Amino acid sequence: MYEYDAFDDAFVRARVAQFRNQVERRLSGALTEEEFRPLRLMNGLYLQLHAYMLRVAIPYGTLTGRQMRQLAHIADQWDRGYGHFTTRQNIQFNWPKLKDVPDMLEALADVGMHAIQTSGNCVRNVTADHFAGAAADEIEDPRPWAELLRQWSTDHPEFQFLPRKFKIAITGSPRDRAVTRAHDIGLRMLNEDGAAGFEVSIGGGLGRTPMVGKVLRPFLPVADLLPYVEAILSTYNLLGRRDNKYKARIKIAVHEHGIEEIRRLVEARFSELRPLFGGGDQVRLAEIRTHFAPPVFESRSDDGFEAARRSDPVFRAWTDTNLSPHRQPGHAIVTVSLKAHGAVPGDVTSAQMRLLAGLAERYSHDDLRISHEQNVILPHVHKADLPALHAALLGAGLGTANVGLISDIIACPGMDYCALATARSIPVAQAIAQRFDALKLEHEIGPLKLKISGCINACGHHHVGHIGILGLDRAGVENYQITLGGDGTERTVLGERAGPGFSAEELLPALERLIAAYLEHREGPEETFLMAFRRLGAAPFKAALYPREARNAA
Amino acid sequence: MRHDPGGARIAELNARYRHHAGIRVLEHALTDPLVGRIALVSSFGAESVVLLHMLSVIDRSVPVLFVDTQMLFPETLAYQSEVAAALGLMDLRTIRARPEALAARDSEGLLHRQDPDACCALRKAEPLERALAGFDGWITGRKRFQAQTRAGIEFFESDGPRIKVNPLAHWAAQDVQDYMINNRLPKHPLVARGYLSIGCAPCTSPVTAGEDARAGRWRGREKQECGIHFINGKPVRGPVPQQEEAEEKKVNVIVTEAGFAPDNHAGGFVPLEEWRGQGALDLPADCDPASLLGRLDGPGVIRIVFGSFTDGRGFTVARRLRMMGYAGQLRASGPLIADQFPMALRSGFNEVEISPAQAERQPWAQWRASLDRPAAYQERLRASCEAQ
Amino acid sequence: MSKQVFSVVTANDLLGGHVVYLSPLGTWVPEVRDAELIPDIARARLRLEEVTDDASVVGVYLAEMLPGPDGPRPMHFREVFRAQGPSAHARVPEVRHV
């Protein structure tokens with residue numbers, strides 16, 4: 001795990017002191033709200049619907065037990081005893097007071113964490129595959145690169161006032177679990193003739209103009225990463241539109257100027273910048289890599305695991321959905337569901353955080369991950385420990401066996417918290433999960449990604465949900481549009497809008513009709529919803545959603 | 001990229017659209033690459049709804065700038081909300097003077113009595129100029145028939161660095177009325193009470209038959225234009241340019257690592273389009289630094305103008321100039337804040353030029369404090385292997 | 001456009017961030033029922049102007065409301081949520097420290 005050196009520590013502490021000073025100047029009137037706003041945003045502090053909200057970065061989604069405990073402490077000390085994991089590997093505290101925020105940042109600095117650049121028009125928290133360093137299908141652990149990018153982008157003098165926010169995601173595996181094609185820059189590690197490189201794509205993003213990223217450089221030697229990314233940012237800073245914030249993201253620049261023109265500008269800029277990197281970055285990288293050395297795995301019998309599977313159906317169901325293959329024999333990657341039926345997706349109480357911290361220390365080499373799907377991952381668990389781990393999770397309401405199923409819903413905070421939202425998402429997610437749990441159908445339905453956004457900005461990634469739900473305000477009433485067939489993996493497909501939206505009351509029955517149609521039309525349990533949609537097209541699903549229109553047309 | 005707003009382009013545009021109807025001119029202005037990024041500026045006055053309606057038919061997402069001088073009639077504010085909602089305008093931006101500027105220059109709200117020009121500058125011209133910073137052009141509803149001072153306006157005019165588009169330049173008063181009736185557009189409530197041109201409440205009165213429509217604006221004074229409209233690139237603040245008052249202008253403050261100092265740069269800065277290769281050069285933040293390649297020995301001092309403190313292009317321009325080998329003085333000018341001082345210095349600037357008001361609100365101690373921080377990550381990453 | 005529009009002036013508290021409303025006494029109060037319900041838009045705009053520079057609050061704006069038995073009643077659901085707090089966590093009591 002990356003641990004701050006003296007340089008990192010001095011840096012974040014100076015930033016805390018600086019923010020403390022900025023808060024004082026805001027209160028004294030030396031800074032207007034207009035001037036203070038970008039400064040507080042640069043430190044992760046929003047003003048939301050009911051209160052301030054502090055967004056803390058969990059770089060590349062990795063936490064130690066000590067860090068998780070500190071988050072629990074912060075939640076208890078300065079907030080209301082819970083936190084919310086987001087779709088970008090951040091945690092949000094929903095009730096901080098402005099005067100307490102410097103103390104909260106200080107507490108974060110104590111465990112090598114910060115909230116720097118979790119908002120504002122700058123390079124945001126760099127996200128990575130949440131199975132990094134554990135997945136069986138990985139070429140290389142991407143996190144040292146992500147950490148290098150974190151250091152490079154932090155406080156970069158040129159890029160604190162970009163046309164708009166800028167998101168980078170990185171994966172070291174050909175299976176894309178980081179939705180890289182929906183990022184301003186997506187980095188996918190490749191191996192060509194034994195040499196490691198990145199496929200660099202740019203201009204992906206969801207939001208009001210969803211676009212799938214385009215490949216800018218099919219193969220970038222790994223050592224060129226920083227100058228190349230700097231060339232992209234430098235080009236974008238001058239080219240990106242500043243007249244309309246809805247057209248300011250790099251995806252619009254790519255759309256308006258064409259990928260060839262952007263490539264020409266970036267490559268020209270890269271050739272100027274490349275010589276300025278004298279190898280210091282590679283020395284840093286080598287040093288960072290030592291922090292991410294794989295743990296020393298034990299080899300012992302996992303007989304207890306199979307025995308427990310045979311004797312305990314609840315445990316067996318959980319192992320069927322919540323485990324993923326680990327690269328080390330005898331081990332598994334455990335996804336802890338934060339989606340108990342009826343719970344708020346992504347919310348954890350301070351007690352749950354402390355429990356997870358202890359379990360990570362005991363069973364997972366002190367390693368925790370936060371996924372963009374708003375779950376917690378214990379990446380390195382020996383199979384023999386799984387029964388005990390499962391029992392501990394069950395006792396804390398964290399043992400739900402639903403990862404990858406219809407109730408494992410991604411949902412943004414929506415209008416319950418967010419100032420930008422146009423409708424609520426959380427109650428919708430709760431109602432759907434409870435309904436399909438009551439029907440006892442979700443294991444029968446099988447793998448299905450359902451994602452809900454409470455506004456067109458698409459923080460809930462609804463465009464890439466197999467079923468996506470978008471909450472809108474239609475003449476003062478909440479209204480929910482359904483999209484179908486989205487896919488956030490390496491093949492990235494944007495879902496298509498099924499038709500007119502539904503009121504909150506109509507939505508659940510409509511989803512039930514949709515699922516019933518899938519169960520009716522599928523060739524067998526091994527054909528997932530997405531596979532059936534690809535085979536059959538949208539028509540039978542639309543007919544199920546809009547039976548009256550279908551009848552009239554017949 | 002910025003287009004050259006030179007006379008040739010204006011002439012070409014006017015020739016190209018000479019025989020077009022107003023709505024065609026508007027349509028083309030929104031798409032013609034010669035025009036660039038554009039916004040519509042509207043007062044939501046007596047006739048504004050015509051142009052707004054045309055815009056809403058073509059593209060409701062085009063930015064509409066509404067200057068709220070905070071001296072407007074309540075009827076105008078209500079009408080503005082009504083029209084914006086009825087037409088479904090998607091990007092309406094209300095522009096106001098900064099509270100600190102109002103506090104400093106018109107704390108009583110009575111400036112319009114002693115100096116209407118200064119009041120227009122404070123509440124209208126300056127906020128609008130700031131709001132227009134990101135645009136290559138703007139659309140206005142000015143028409144020839146409105147006043148004698150407007151008799152010569154064309155579809156396209158040059159306006160400093162920008163192009164100004166007047167799609168209704170050739171419309172007659174009756175055209176406006178017909179269009180509003182035919183399209184069932186709501187009328188400004190004050191029109192029925194004799195106001196034919198509507199500005200701020202203190203400086204607008206009704207007009208009588210036979211008068212110019214704009215005769216009720218600044219009645220009893222020489223003033224006919226508010227200063228947001230320019231002729232030959234100069235603000236017009238009367239029928240004939242008055243003799244320039246010897247305005248006592250406070251000197252800007254230069255911030256360097258050594259502290260505050262008055263701006264003693266003499267001789268001014270020459271804008272890029274007029275620059276002849278020698279002497280102090282003014283660069284807008286949206287210029288392409290590559291255009292200066294091979295000419296960087298000339299200036300000796302370059303000033304990069306930031307339109308707003310959130311527009312970070314100037315940082316990249318500065319860094320590129322340095323990378324291209326520019327070794328002279330580099331000045332950032334504009335509403336930068338103390339917290340951006342380290343960014344400016346690390347991007348290659350030597351100094352920052354700020355207004356006296358800004359210097360007063362954010363004194364040197366705050367600028368100095370911003371420098372009090374450890375080394376940056378970038379230096380460490382860009383170092384050579386040996387240095388590590 | 002004869003529909004009468006009632007408004008209240010609302011904002012967030014600078015220090016705490018919580019929702020506040022302008023009362024008839026010109027003070028900022030946390031409960032919507034204590035807000036001043038202003039019956040005409042021109043006067044509401046004036047009230048808004050008066051408090052725009054108030055340094056104790058952030059993000060001042062006018063919210064449309066209707067008269068109700070217990071004071072102003074929000075018209076739009078967004079204002080209902082602003083007045084009531086998040087639906088999911090209404091049950092979570094605020095943790096207090098001594």
# chains A, B, ... in the order shown; residues from 1 in each chain; ligands from 1
>>> residues_around(residues="B:Glu351", least_positions_apart="2", cutoff="10 Å", atoms="only C-alpha atoms", output="count of residues only")
20
>>> closest_atom_pairs(of="chain A", to="chain B", cutoff="7 Å", atoms="only C-alpha atoms", output="JSON lines")
{"residue": "A:Ala10", "atom": "CA", "partner": "B:Pro374", "partner_atom": "CA", "distance": 6.8}
{"residue": "A:Phe11", "atom": "CA", "partner": "B:Pro374", "partner_atom": "CA", "distance": 6.1}
{"residue": "A:Ala14", "atom": "CA", "partner": "B:Arg373", "partner_atom": "CA", "distance": 5.9}
{"residue": "A:Ala30", "atom": "CA", "partner": "B:Arg361", "partner_atom": "CA", "distance": 5.7}
{"residue": "A:Gln151", "atom": "CA", "partner": "B:Tyr377", "partner_atom": "CA", "distance": 6.0}
{"residue": "A:Trp152", "atom": "CA", "partner": "B:Gln378", "partner_atom": "CA", "distance": 5.7}
{"residue": "A:His156", "atom": "CA", "partner": "B:Gln378", "partner_atom": "CA", "distance": 6.8}
{"residue": "A:Pro157", "atom": "CA", "partner": "B:Met343", "partner_atom": "CA", "distance": 4.3}
{"residue": "A:Glu158", "atom": "CA", "partner": "B:Phe315", "partner_atom": "CA", "distance": 5.1}
{"residue": "A:Phe161", "atom": "CA", "partner": "B:Gly312", "partner_atom": "CA", "distance": 4.5}
{"residue": "A:Leu162", "atom": "CA", "partner": "B:Gly312", "partner_atom": "CA", "distance": 5.8}
{"residue": "A:Ser234", "atom": "CA", "partner": "B:Thr316", "partner_atom": "CA", "distance": 6.4}
{"residue": "A:Asn237", "atom": "CA", "partner": "B:Arg313", "partner_atom": "CA", "distance": 5.9}
{"residue": "A:Leu238", "atom": "CA", "partner": "B:Arg313", "partner_atom": "CA", "distance": 5.6}
{"residue": "A:Arg242", "atom": "CA", "partner": "B:Gly134", "partner_atom": "CA", "distance": 5.9}
{"residue": "A:Asp243", "atom": "CA", "partner": "B:Gly134", "partner_atom": "CA", "distance": 5.1}
{"residue": "A:Leu276", "atom": "CA", "partner": "B:Arg382", "partner_atom": "CA", "distance": 6.3}
{"residue": "A:Phe277", "atom": "CA", "partner": "B:Arg382", "partner_atom": "CA", "distance": 4.6}
{"residue": "A:Gly278", "atom": "CA", "partner": "B:Ser384", "partner_atom": "CA", "distance": 4.0}
{"residue": "A:Gly279", "atom": "CA", "partner": "B:Cys385", "partner_atom": "CA", "distance": 4.9}
{"residue": "A:Gly280", "atom": "CA", "partner": "B:Ala383", "partner_atom": "CA", "distance": 4.8}
{"residue": "A:Asp281", "atom": "CA", "partner": "B:Leu381", "partner_atom": "CA", "distance": 4.4}
{"residue": "A:Val283", "atom": "CA", "partner": "B:Cys385", "partner_atom": "CA", "distance": 6.7}
>>> atom_distance(atom1="atom CA of B:Thr149", atom2="atom CA of B:His170")
14.2 Å
>>> interface_residues(of="chain A", to="chain C", cutoff="6 Å", atoms="only C-alpha atoms", output="list in words")
His50, Ala51, Tyr52, Arg80, Lys97, Leu98, Asp416 and Gly476 of chain A
>>> write_last_selection(atoms="C-alpha atoms", output="PDB file, in the first residue's frame")
ATOM      1  CA  HIS A  50     -29.228  20.564   2.776  1.00  0.00           C
ATOM      2  CA  ALA A  51     -25.666  21.131   3.848  1.00  0.00           C
ATOM      3  CA  TYR A  52     -22.034  21.172   2.851  1.00  0.00           C
ATOM      4  CA  ARG A  80     -23.693  11.967  11.392  1.00  0.00           C
ATOM      5  CA  LYS A  97     -19.820  22.316   9.079  1.00  0.00           C
ATOM      6  CA  LEU A  98     -17.594  24.762   7.239  1.00  0.00           C
ATOM      7  CA  ASP A 416     -32.125  13.505  -1.376  1.00  0.00           C
ATOM      8  CA  GLY A 476     -42.727  19.655 -11.309  1.00  0.00           C
TER       9      GLY A 476
END
>>> select_by_dssp(residues="stretch 184-383 of chain B", states="strand (DSSP E or B)", output="MDAnalysis selection string")
chainID B and resid 200 204 217 230:231 234:235 253:256 259:262 270:271 281:284 301:305 329:333 351:354
>>> interface_residues(of="chain B", to="chain C", cutoff="9 Å", atoms="only C-alpha atoms", output="ChimeraX atom specification")
/B:70,73-75,77-78,82,99
>>> select_by_dssp(residues="chain C", states="helix (DSSP H, G or I)", output="ChimeraX atom specification")
/C:32-34,41-51,77-84
>>> write_last_selection(atoms="N, CA and C atoms", output="PDB file, in the first residue's frame")
ATOM      1  N   VAL C  32     -39.294  26.333   7.349  1.00  0.00           N
ATOM      2  CA  VAL C  32     -40.012  27.019   6.278  1.00  0.00           C
ATOM      3  C   VAL C  32     -41.299  27.651   6.809  1.00  0.00           C
ATOM      4  N   ARG C  33     -41.893  27.060   7.842  1.00  0.00           N
ATOM      5  CA  ARG C  33     -43.156  27.621   8.344  1.00  0.00           C
ATOM      6  C   ARG C  33     -42.966  29.009   8.946  1.00  0.00           C
ATOM      7  N   ASP C  34     -41.713  29.349   9.321  1.00  0.00           N
ATOM      8  CA  ASP C  34     -41.448  30.663   9.901  1.00  0.00           C
ATOM      9  C   ASP C  34     -41.013  31.691   8.861  1.00  0.00           C
ATOM     10  N   ILE C  41     -44.209  39.479  -6.851  1.00  0.00           N
ATOM     11  CA  ILE C  41     -42.870  39.136  -7.312  1.00  0.00           C
ATOM     12  C   ILE C  41     -41.937  40.339  -7.248  1.00  0.00           C
ATOM     13  N   ALA C  42     -42.476  41.529  -7.508  1.00  0.00           N
ATOM     14  CA  ALA C  42     -41.617  42.708  -7.508  1.00  0.00           C
ATOM     15  C   ALA C  42     -41.065  42.956  -6.103  1.00  0.00           C
ATOM     16  N   ARG C  43     -41.959  42.807  -5.117  1.00  0.00           N
ATOM     17  CA  ARG C  43     -41.486  43.010  -3.753  1.00  0.00           C
ATOM     18  C   ARG C  43     -40.517  41.907  -3.346  1.00  0.00           C
ATOM     19  N   ALA C  44     -40.795  40.696  -3.822  1.00  0.00           N
ATOM     20  CA  ALA C  44     -39.897  39.580  -3.506  1.00  0.00           C
ATOM     21  C   ALA C  44     -38.502  39.849  -4.068  1.00  0.00           C
ATOM     22  N   ARG C  45     -38.466  40.393  -5.296  1.00  0.00           N
ATOM     23  CA  ARG C  45     -37.177  40.724  -5.905  1.00  0.00           C
ATOM     24  C   ARG C  45     -36.421  41.761  -5.077  1.00  0.00           C
ATOM     25  N   LEU C  46     -37.188  42.705  -4.560  1.00  0.00           N
ATOM     26  CA  LEU C  46     -36.559  43.740  -3.736  1.00  0.00           C
ATOM     27  C   LEU C  46     -35.968  43.139  -2.462  1.00  0.00           C
ATOM     28  N   ARG C  47     -36.749  42.260  -1.834  1.00  0.00           N
ATOM     29  CA  ARG C  47     -36.254  41.592  -0.625  1.00  0.00           C
ATOM     30  C   ARG C  47     -34.990  40.803  -0.950  1.00  0.00           C
ATOM     31  N   LEU C  48     -35.019  40.151  -2.102  1.00  0.00           N
ATOM     32  CA  LEU C  48     -33.867  39.358  -2.522  1.00  0.00           C
ATOM     33  C   LEU C  48     -32.644  40.257  -2.676  1.00  0.00           C
ATOM     34  N   GLU C  49     -32.841  41.395  -3.341  1.00  0.00           N
ATOM     35  CA  GLU C  49     -31.740  42.335  -3.535  1.00  0.00           C
ATOM     36  C   GLU C  49     -31.146  42.766  -2.198  1.00  0.00           C
ATOM     37  N   GLU C  50     -32.057  43.017  -1.242  1.00  0.00           N
ATOM     38  CA  GLU C  50     -31.598  43.534   0.058  1.00  0.00           C
ATOM     39  C   GLU C  50     -30.643  42.564   0.759  1.00  0.00           C
ATOM     40  N   VAL C  51     -30.865  41.263   0.545  1.00  0.00           N
ATOM     41  CA  VAL C  51     -30.056  40.289   1.302  1.00  0.00           C
ATOM     42  C   VAL C  51     -28.994  39.614   0.435  1.00  0.00           C
ATOM     43  N   PHE C  77     -41.297  19.930  -5.757  1.00  0.00           N
ATOM     44  CA  PHE C  77     -40.838  18.859  -4.869  1.00  0.00           C
ATOM     45  C   PHE C  77     -39.407  19.081  -4.379  1.00  0.00           C
ATOM     46  N   ARG C  78     -38.611  19.787  -5.189  1.00  0.00           N
ATOM     47  CA  ARG C  78     -37.253  20.072  -4.722  1.00  0.00           C
ATOM     48  C   ARG C  78     -37.283  20.880  -3.421  1.00  0.00           C
ATOM     49  N   GLU C  79     -38.174  21.866  -3.389  1.00  0.00           N
ATOM     50  CA  GLU C  79     -38.279  22.681  -2.178  1.00  0.00           C
ATOM     51  C   GLU C  79     -38.882  21.880  -1.024  1.00  0.00           C
ATOM     52  N   VAL C  80     -39.723  20.899  -1.355  1.00  0.00           N
ATOM     53  CA  VAL C  80     -40.259  20.031  -0.299  1.00  0.00           C
ATOM     54  C   VAL C  80     -39.105  19.276   0.361  1.00  0.00           C
ATOM     55  N   PHE C  81     -38.187  18.731  -0.470  1.00  0.00           N
ATOM     56  CA  PHE C  81     -37.060  17.985   0.094  1.00  0.00           C
ATOM     57  C   PHE C  81     -36.106  18.905   0.845  1.00  0.00           C
ATOM     58  N   ARG C  82     -35.931  20.107   0.294  1.00  0.00           N
ATOM     59  CA  ARG C  82     -35.051  21.043   1.012  1.00  0.00           C
ATOM     60  C   ARG C  82     -35.614  21.336   2.396  1.00  0.00           C
ATOM     61  N   ALA C  83     -36.933  21.416   2.473  1.00  0.00           N
ATOM     62  CA  ALA C  83     -37.562  21.734   3.759  1.00  0.00           C
ATOM     63  C   ALA C  83     -37.535  20.542   4.709  1.00  0.00           C
ATOM     64  N   GLN C  84     -37.613  19.331   4.161  1.00  0.00           N
ATOM     65  CA  GLN C  84     -37.785  18.149   5.020  1.00  0.00           C
ATOM     66  C   GLN C  84     -36.503  17.390   5.307  1.00  0.00           C
TER      67      GLN C  84
END
